[in-house]
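Below is the file final-v1.cif, which contains mmCIF, C-alpha atoms and all ligand atoms.
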data_my_file
#
loop_
_atom_site.label_atom_id
_atom_site.label_comp_id
_atom_site.auth_asym_id
_atom_site.auth_seq_id
_atom_site.Cartn_x
_atom_site.Cartn_y
_atom_site.Cartn_z
CA MET A 290 -51.30 -61.72 36.35
CA SER A 291 -50.49 -65.35 36.91
CA ASP A 292 -48.20 -67.08 34.38
CA ARG A 293 -50.59 -69.98 33.95
CA GLY A 294 -54.20 -70.17 32.78
CA PRO A 295 -57.09 -70.23 35.21
CA HIS A 296 -58.22 -73.07 37.45
CA LEU A 297 -61.86 -72.52 36.63
CA VAL A 298 -65.14 -74.30 37.34
CA LEU A 299 -68.28 -73.45 35.35
CA LEU A 300 -71.47 -74.17 37.26
CA GLY A 301 -74.89 -73.75 35.71
CA LYS A 302 -77.94 -75.81 34.97
CA GLN A 303 -78.40 -77.98 31.87
CA GLY A 304 -78.61 -75.71 28.82
CA ALA A 305 -76.90 -72.74 30.50
CA GLY A 306 -74.18 -72.84 27.84
CA LYS A 307 -71.36 -74.33 29.95
CA GLY A 308 -70.05 -76.63 27.22
CA THR A 309 -70.17 -73.93 24.56
CA GLN A 310 -68.36 -71.40 26.74
CA ALA A 311 -65.94 -73.87 28.34
CA SER A 312 -64.53 -74.85 24.92
CA ARG A 313 -64.08 -71.21 23.95
CA LEU A 314 -62.46 -70.35 27.28
CA ALA A 315 -60.13 -73.35 27.07
CA GLU A 316 -59.05 -72.28 23.60
CA HIS A 317 -58.66 -68.65 24.65
CA TYR A 318 -56.42 -69.51 27.60
CA GLY A 319 -54.71 -72.55 26.06
CA VAL A 320 -55.90 -74.78 28.91
CA ILE A 321 -57.64 -78.14 29.20
CA HIS A 322 -61.42 -78.38 28.94
CA LEU A 323 -62.60 -81.26 31.06
CA ALA A 324 -66.30 -82.08 30.64
CA THR A 325 -67.21 -85.28 32.47
CA GLY A 326 -70.34 -85.73 30.29
CA ASP A 327 -68.14 -85.57 27.15
CA VAL A 328 -65.73 -88.14 28.63
CA PHE A 329 -68.64 -90.50 29.35
CA ARG A 330 -70.22 -90.02 25.90
CA ALA A 331 -66.86 -90.72 24.24
CA ALA A 332 -66.48 -93.88 26.37
CA ILE A 333 -69.95 -95.09 25.33
CA ASN A 334 -69.13 -94.33 21.71
CA GLU A 335 -65.89 -96.31 21.92
CA GLY A 336 -67.57 -99.20 23.74
CA THR A 337 -65.16 -99.17 26.70
CA GLU A 338 -65.77 -100.65 30.15
CA LEU A 339 -66.35 -97.14 31.53
CA GLY A 340 -68.95 -96.50 28.82
CA PHE A 341 -70.75 -99.71 29.70
CA GLU A 342 -70.78 -98.77 33.39
CA VAL A 343 -72.13 -95.24 32.96
CA GLN A 344 -74.66 -95.66 30.15
CA ARG A 345 -77.52 -96.92 32.30
CA TYR A 346 -77.30 -93.87 34.55
CA MET A 347 -76.99 -91.40 31.69
CA ASP A 348 -79.93 -92.81 29.71
CA ARG A 349 -82.21 -92.20 32.67
CA GLY A 350 -80.83 -88.75 33.47
CA GLU A 351 -79.45 -90.02 36.79
CA LEU A 352 -76.06 -88.98 38.11
CA VAL A 353 -73.17 -91.38 37.66
CA PRO A 354 -71.94 -92.49 41.13
CA ASP A 355 -69.39 -90.15 42.70
CA GLU A 356 -66.60 -92.78 42.86
CA ILE A 357 -66.69 -93.31 39.09
CA VAL A 358 -66.76 -89.60 38.24
CA ILE A 359 -64.04 -88.77 40.76
CA GLY A 360 -61.85 -91.56 39.36
CA VAL A 361 -62.04 -90.04 35.88
CA VAL A 362 -61.31 -86.50 37.06
CA ARG A 363 -58.46 -87.58 39.33
CA GLU A 364 -56.83 -89.43 36.45
CA VAL A 365 -56.99 -86.45 34.10
CA LEU A 366 -55.83 -83.90 36.68
CA THR A 367 -52.96 -86.00 37.97
CA ASN A 368 -51.75 -87.52 34.68
CA SER A 369 -51.74 -84.37 32.55
CA ASP A 370 -50.28 -80.89 32.88
CA ALA A 371 -53.81 -79.55 33.56
CA VAL A 372 -52.90 -78.22 36.98
CA LYS A 373 -49.71 -76.57 35.73
CA ARG A 374 -51.29 -75.05 32.61
CA GLY A 375 -54.80 -74.42 33.89
CA PHE A 376 -58.19 -75.99 33.21
CA VAL A 377 -61.88 -75.38 32.76
CA LEU A 378 -64.12 -77.90 34.49
CA ASP A 379 -67.57 -78.25 32.96
CA GLY A 380 -70.17 -80.51 34.56
CA PHE A 381 -67.88 -81.36 37.49
CA PRO A 382 -68.19 -81.08 40.43
CA ARG A 383 -71.91 -81.74 40.58
CA THR A 384 -72.27 -82.88 44.21
CA VAL A 385 -70.71 -81.70 47.47
CA PRO A 386 -68.65 -84.93 47.88
CA GLN A 387 -67.22 -84.32 44.36
CA ALA A 388 -66.33 -80.73 45.31
CA LYS A 389 -64.57 -81.89 48.48
CA GLU A 390 -62.65 -84.54 46.56
CA LEU A 391 -61.61 -81.93 43.99
CA GLU A 392 -60.11 -79.85 46.80
CA ARG A 393 -58.09 -82.87 47.92
CA VAL A 394 -56.87 -83.61 44.38
CA LEU A 395 -55.84 -79.98 43.79
CA ALA A 396 -54.28 -79.66 47.26
CA ASP A 397 -51.77 -76.78 47.05
CA PHE A 398 -53.00 -75.53 43.67
CA PRO A 399 -56.60 -74.56 44.43
CA LEU A 400 -59.33 -73.15 42.21
CA ASP A 401 -59.13 -69.49 41.19
CA VAL A 402 -62.82 -68.98 40.54
CA VAL A 403 -66.13 -70.82 40.27
CA ILE A 404 -68.57 -69.13 37.92
CA ASP A 405 -72.29 -69.62 38.23
CA LEU A 406 -73.53 -69.23 34.65
CA ASP A 407 -77.14 -68.40 35.23
CA VAL A 408 -80.11 -68.68 32.85
CA PRO A 409 -83.83 -69.02 33.60
CA THR A 410 -85.18 -72.55 33.16
CA GLU A 411 -87.45 -71.58 30.19
CA ILE A 412 -84.41 -70.46 28.19
CA ALA A 413 -82.41 -73.51 29.23
CA LEU A 414 -85.23 -75.79 28.05
CA HIS A 415 -85.41 -74.05 24.67
CA ARG A 416 -81.66 -74.40 24.27
CA ILE A 417 -81.68 -78.10 25.17
CA ALA A 418 -84.64 -78.86 22.87
CA GLY A 419 -82.62 -77.56 19.90
CA ARG A 420 -79.21 -78.87 20.98
CA ARG A 421 -77.32 -81.09 18.54
CA VAL A 422 -73.87 -82.58 19.27
CA CYS A 423 -71.06 -84.06 17.16
CA VAL A 424 -70.78 -87.78 17.91
CA GLN A 425 -67.00 -87.64 17.56
CA CYS A 426 -65.58 -84.39 18.97
CA GLN A 427 -68.71 -83.30 20.90
CA THR A 428 -68.81 -79.81 19.40
CA THR A 429 -72.23 -78.42 20.23
CA TYR A 430 -74.64 -76.82 17.76
CA HIS A 431 -78.26 -75.75 17.85
CA VAL A 432 -81.06 -76.01 15.29
CA ASP A 433 -80.87 -72.18 15.16
CA ASN A 434 -77.09 -72.35 14.72
CA PRO A 435 -76.32 -75.48 12.65
CA PRO A 436 -73.03 -76.59 11.07
CA LYS A 437 -72.26 -75.17 7.59
CA GLU A 438 -72.99 -78.47 5.84
CA ASP A 439 -76.12 -80.50 6.48
CA TRP A 440 -75.51 -81.83 10.07
CA ILE A 441 -71.86 -82.63 9.40
CA CYS A 442 -69.50 -81.27 12.08
CA ASP A 443 -67.52 -78.18 10.97
CA VAL A 444 -64.58 -79.29 13.11
CA CYS A 445 -64.18 -83.01 12.36
CA GLY A 446 -66.67 -83.97 9.62
CA SER A 447 -68.61 -86.50 11.75
CA ASP A 448 -72.39 -86.66 12.20
CA VAL A 449 -74.13 -84.11 14.38
CA VAL A 450 -77.10 -85.61 16.22
CA GLN A 451 -79.45 -85.12 19.16
CA ARG A 452 -78.11 -86.61 22.40
CA ASP A 453 -79.85 -89.82 23.54
CA ASP A 454 -80.51 -88.24 26.93
CA ASP A 455 -81.98 -84.99 25.57
CA THR A 456 -85.47 -86.49 25.82
CA GLU A 457 -88.05 -84.51 27.77
CA GLU A 458 -88.14 -87.08 30.56
CA ALA A 459 -84.37 -87.35 31.08
CA VAL A 460 -83.95 -83.56 30.87
CA MET A 461 -86.60 -82.95 33.56
CA ARG A 462 -84.87 -85.49 35.80
CA ARG A 463 -81.47 -83.85 35.21
CA LEU A 464 -82.88 -80.41 36.05
CA GLU A 465 -84.47 -81.81 39.21
CA LEU A 466 -81.19 -83.43 40.29
CA TRP A 467 -79.38 -80.18 39.50
CA GLU A 468 -81.56 -78.36 42.05
CA ILE A 469 -81.11 -81.04 44.70
CA GLN A 470 -77.47 -82.06 44.25
CA THR A 471 -75.71 -79.21 42.44
CA LEU A 472 -77.37 -76.03 43.73
CA PRO A 473 -75.79 -76.59 47.19
CA LEU A 474 -72.41 -76.07 45.49
CA ILE A 475 -73.29 -72.40 45.00
CA HIS A 476 -73.32 -71.98 48.78
CA PHE A 477 -70.30 -74.26 49.19
CA TYR A 478 -68.15 -72.08 46.90
CA ARG A 479 -69.61 -68.78 48.14
CA ARG A 480 -68.43 -69.70 51.64
CA ARG A 481 -64.96 -70.29 50.23
CA GLY A 482 -64.97 -66.86 48.57
CA LEU A 483 -64.62 -68.41 45.11
CA LEU A 484 -68.04 -67.75 43.62
CA ALA A 485 -68.79 -65.27 40.82
CA HIS A 486 -71.98 -64.86 38.77
CA VAL A 487 -72.26 -64.34 35.04
CA ASP A 488 -75.56 -63.84 33.25
CA GLY A 489 -75.90 -66.55 30.59
CA ILE A 490 -78.77 -64.88 28.72
CA GLY A 491 -77.97 -63.26 25.40
CA ASP A 492 -75.54 -63.67 22.61
CA SER A 493 -72.84 -66.29 23.05
CA GLU A 494 -70.19 -63.69 22.19
CA ASP A 495 -71.37 -61.29 24.93
CA VAL A 496 -71.51 -64.09 27.49
CA PHE A 497 -67.95 -65.10 26.54
CA GLU A 498 -66.72 -61.54 27.08
CA SER A 499 -68.36 -61.36 30.51
CA LEU A 500 -66.76 -64.68 31.46
CA VAL A 501 -63.29 -63.55 30.38
CA ALA A 502 -63.71 -60.26 32.26
CA THR A 503 -64.69 -62.17 35.41
CA VAL A 504 -61.73 -64.56 35.14
CA GLU A 505 -59.30 -61.67 34.55
CA VAL A 506 -60.46 -59.87 37.68
CA ARG A 507 -59.96 -62.98 39.83
CA MET A 508 -56.60 -63.89 38.34
CA THR A 509 -55.32 -60.34 38.88
CA GLU A 510 -56.53 -60.34 42.49
CA ASP A 511 -54.77 -63.66 43.08
CA ALA A 512 -51.48 -62.70 41.46
P1 LIG B 601 -76.09 -82.26 31.33
O1 LIG B 601 -75.35 -81.13 31.97
O2 LIG B 601 -77.04 -81.80 30.26
O3 LIG B 601 -76.75 -83.15 32.32
P2 LIG B 601 -73.59 -83.61 30.73
O4 LIG B 601 -73.07 -83.86 29.37
O5 LIG B 601 -72.83 -82.69 31.60
O6 LIG B 601 -75.07 -83.13 30.51
O7 LIG B 601 -73.76 -84.97 31.50
C1 LIG B 601 -74.46 -86.05 30.92
C2 LIG B 601 -74.66 -87.14 31.97
O8 LIG B 601 -73.37 -87.62 32.39
C3 LIG B 601 -75.36 -86.71 33.24
O9 LIG B 601 -76.77 -86.79 33.12
C4 LIG B 601 -74.82 -87.75 34.23
O10 LIG B 601 -75.46 -89.00 34.06
C5 LIG B 601 -73.39 -87.92 33.77
N1 LIG B 601 -72.47 -86.99 34.47
C6 LIG B 601 -71.69 -86.05 33.89
N2 LIG B 601 -70.97 -85.39 34.80
C7 LIG B 601 -71.31 -85.93 36.02
C8 LIG B 601 -70.92 -85.66 37.36
N3 LIG B 601 -70.03 -84.71 37.66
N4 LIG B 601 -71.49 -86.42 38.33
C9 LIG B 601 -72.36 -87.40 38.06
N5 LIG B 601 -72.78 -87.69 36.81
C10 LIG B 601 -72.26 -86.96 35.79
P1 LIG B 602 -74.67 -76.90 28.88
O1 LIG B 602 -73.30 -77.48 28.65
O2 LIG B 602 -74.69 -75.88 29.99
O3 LIG B 602 -75.73 -77.94 29.06
P2 LIG B 602 -74.53 -76.18 26.04
O4 LIG B 602 -73.26 -75.43 25.88
O5 LIG B 602 -74.61 -77.58 25.57
O6 LIG B 602 -75.05 -76.08 27.58
O7 LIG B 602 -75.68 -75.32 25.33
C1 LIG B 602 -77.02 -75.80 25.21
C2 LIG B 602 -77.55 -75.40 23.82
O8 LIG B 602 -77.71 -73.97 23.75
C3 LIG B 602 -76.64 -75.76 22.66
O9 LIG B 602 -77.44 -76.18 21.57
C4 LIG B 602 -75.88 -74.48 22.35
O10 LIG B 602 -75.54 -74.41 20.98
C5 LIG B 602 -76.92 -73.42 22.72
N1 LIG B 602 -76.33 -72.18 23.27
C6 LIG B 602 -75.26 -72.08 24.08
N2 LIG B 602 -75.04 -70.78 24.42
C7 LIG B 602 -76.04 -70.05 23.83
C8 LIG B 602 -76.38 -68.65 23.82
N3 LIG B 602 -75.65 -67.75 24.49
N4 LIG B 602 -77.46 -68.27 23.11
C9 LIG B 602 -78.19 -69.19 22.44
N5 LIG B 602 -77.94 -70.52 22.41
C10 LIG B 602 -76.87 -70.96 23.10
ZN ZN B 603 -66.93 -83.01 15.39
#

Could I get this file's structure written as structure tokens?
Ligand code: ADP
Ligand code: ADP
Ligand code: ZN
Amino acid sequence: MSDRGPHLVLLGKQGAGKGTQASRLAEHYGVIHLATGDVFRAAINEGTELGFEVQRYMDRGELVPDEIVIGVVREVLTNSDAVKRGFVLDGFPRTVPQAKELERVLADFPLDVVIDLDVPTEIALHRIAGRRVCVQCQTTYHVDNPPKEDWICDVCGSDVVQRDDDTEEAVMRRLELWEIQTLPLIHFYRRRGLLAHVDGIGDSEDVFESLVATVEVRMTEDA
């Protein structure tokens, strides 16, 4: 077994449970959870230049241009101990150019495994319709699984709300773009021998266990 945590990418359509599982995995392995969507939402919330730049794309469910997204990821991966300790990438890469750039950034410390977290679209849509997110720390809840106190985040005490881009229109556009831009990554990573599949249907706890089992197998093979 390697003495660092995994270099892991979670792929999966909107609502597959990437964010939910990526935070648990990051905590479990003591590694960084990098979710580009969370970075952009935080930037909008703080009113930074980056937030201003990305908001118009996000509101419409369009992808933020590759150069902007790559800039953010490069900064985090090169200015933190993410590569040394390990990381879980969630929502990045989402296009083939992003995946190629990630390979360049990681250079001699490549990915260990890319997991396709798969759920049927009907389930994903139900999950997104009920999704609620903390405005501050981005912890994700669901109307069927709310915080303990009336829409106040269990972790940080801030408001838990529906995302601005979880409208039917923006979600349909995101799912469409996922098929066009992100699905090709499944083939991209399969060709590199990095792809694994985990079924995202069912209890969050069971999905987490399958993910950990999959990571362990890959990390042992690599060691
Ligand atoms: P979802 O997976 O539901 O689309 P995210 O929180 O991952 O939600 O992303 C929200 C929005 O942020 C996306 O619709 C897109 O505008 C932008 N975004 C996040 N990650 C990327 C990325 N890797 N490439 C391009 N745009 C991104
Ligand atoms: P993604 O990051 O892939 O878009 P999220 O982690 O935000 O997905 O999950 C979407 C919604 O589904 C959230 O409201 C989350 O609480 C809920 N959810 C996540 N995993 C499960 C699961 N295994 N069963 C039921 N609901 C789930
Ligand atoms: Zn919070």

Requested in this report: Work out how far apart CA of Val487 (chain A) and CA of Pro436 (chain A) are and give it in Å to one decimal.
Outcome: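 Straight-line distance from CA of Val487 (chain A) to CA of Pro436 (chain A) works out to 26.9 Å.
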
Counting all atoms listed in the file, which residues of region 368-413 of chain A sit at most 12 Å from some atom of region 444-468 of chain A, and what is each one's closest atom pair with its distance in Å to one decimal, listed by chain and rising residue number, as a tab-separated table?
residue	atom	partner	partner_atom	distance
A:Gly380	CA	A:Trp467	CA	10.5
A:Phe381	CA	A:Trp467	CA	11.7
A:Pro382	CA	A:Trp467	CA	11.3
A:Arg383	CA	A:Trp467	CA	7.7
A:Thr384	CA	A:Trp467	CA	8.9
A:Val385	CA	A:Trp467	CA	11.9
A:Pro409	CA	A:Leu464	CA	11.7
A:Thr410	CA	A:Leu464	CA	8.7
A:Glu411	CA	A:Leu464	CA	11.5
A:Ala413	CA	A:Leu464	CA	9.7

Output C-alpha atoms for every residue in that selection, as a tab-separated table (two decimals), in the coordinates of the input.
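The resulting file, selection05.tsv, is shown below:
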chain	number	residue	atom	x	y	z
A	380	GLY	CA	-70.17	-80.51	34.56
A	381	PHE	CA	-67.88	-81.36	37.49
A	382	PRO	CA	-68.19	-81.08	40.43
A	383	ARG	CA	-71.91	-81.74	40.58
A	384	THR	CA	-72.27	-82.88	44.21
A	385	VAL	CA	-70.71	-81.70	47.47
A	409	PRO	CA	-83.83	-69.02	33.60
A	410	THR	CA	-85.18	-72.55	33.16
A	411	GLU	CA	-87.45	-71.58	30.19
A	413	ALA	CA	-82.41	-73.51	29.23

Query raised in the report: Which is closest to Val365 (chain A) among A:Val343, A:Ala502, A:Leu378, A:Val353, if we use only C-alpha atoms?
Result: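 Checking each candidate against Val365 (chain A), we get A:Leu378 as the closest.
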
Report summary line: With distances taken over all atoms listed in the file, the candidate from A:Glu392, A:Ile412, A:Lys373, A:Arg420 nearest ligand LIG 601 (chain B) is A:Arg420

Report task. Using only C-alpha atoms, find the one residue out of A:Asp495, A:Arg330, A:Phe376, A:His486 that sits nearest to Ala311 (chain A). Result ->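 Of all the options, A:Phe376 lies closest to Ala311 (chain A).
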
Query raised in the report: Excluding same-chain residues fewer than 2 positions from Gly375 (chain A), what lies within 8 Å of it counting only C-alpha atoms, as a list in words?
Result: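 Contacts, with the query itself left out: Arg293, Gly294, Pro295, His296, Leu297, Val320, Ile321, Asp370, Ala371, Val372, Lys373 and Val377 of chain A.
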
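If you measure from each of A:Pro386, A:Pro435, A:Pro473, A:Gly319 to ligand LIG 602 (chain B) using all atoms listed in the file, the closest one turns out to be A:Pro435.
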
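With distances taken over only C-alpha atoms and all ligand atoms, A:Val496 is the one residue among A:Ala332, A:Leu352, A:Val496, A:Ala485 lying closest to ligand LIG 602 (chain B).
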
Query raised in the report: CA of Leu400 (chain A) and CA of Gln425 (chain A) are how many Å apart?
Result: 29.6 Å

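Candidate residues A:Leu484, A:Trp440, A:Asp433, A:Gly301 were compared for distance to Gly419 (chain A), and the nearest is A:Asp433, using all atoms listed in the file.
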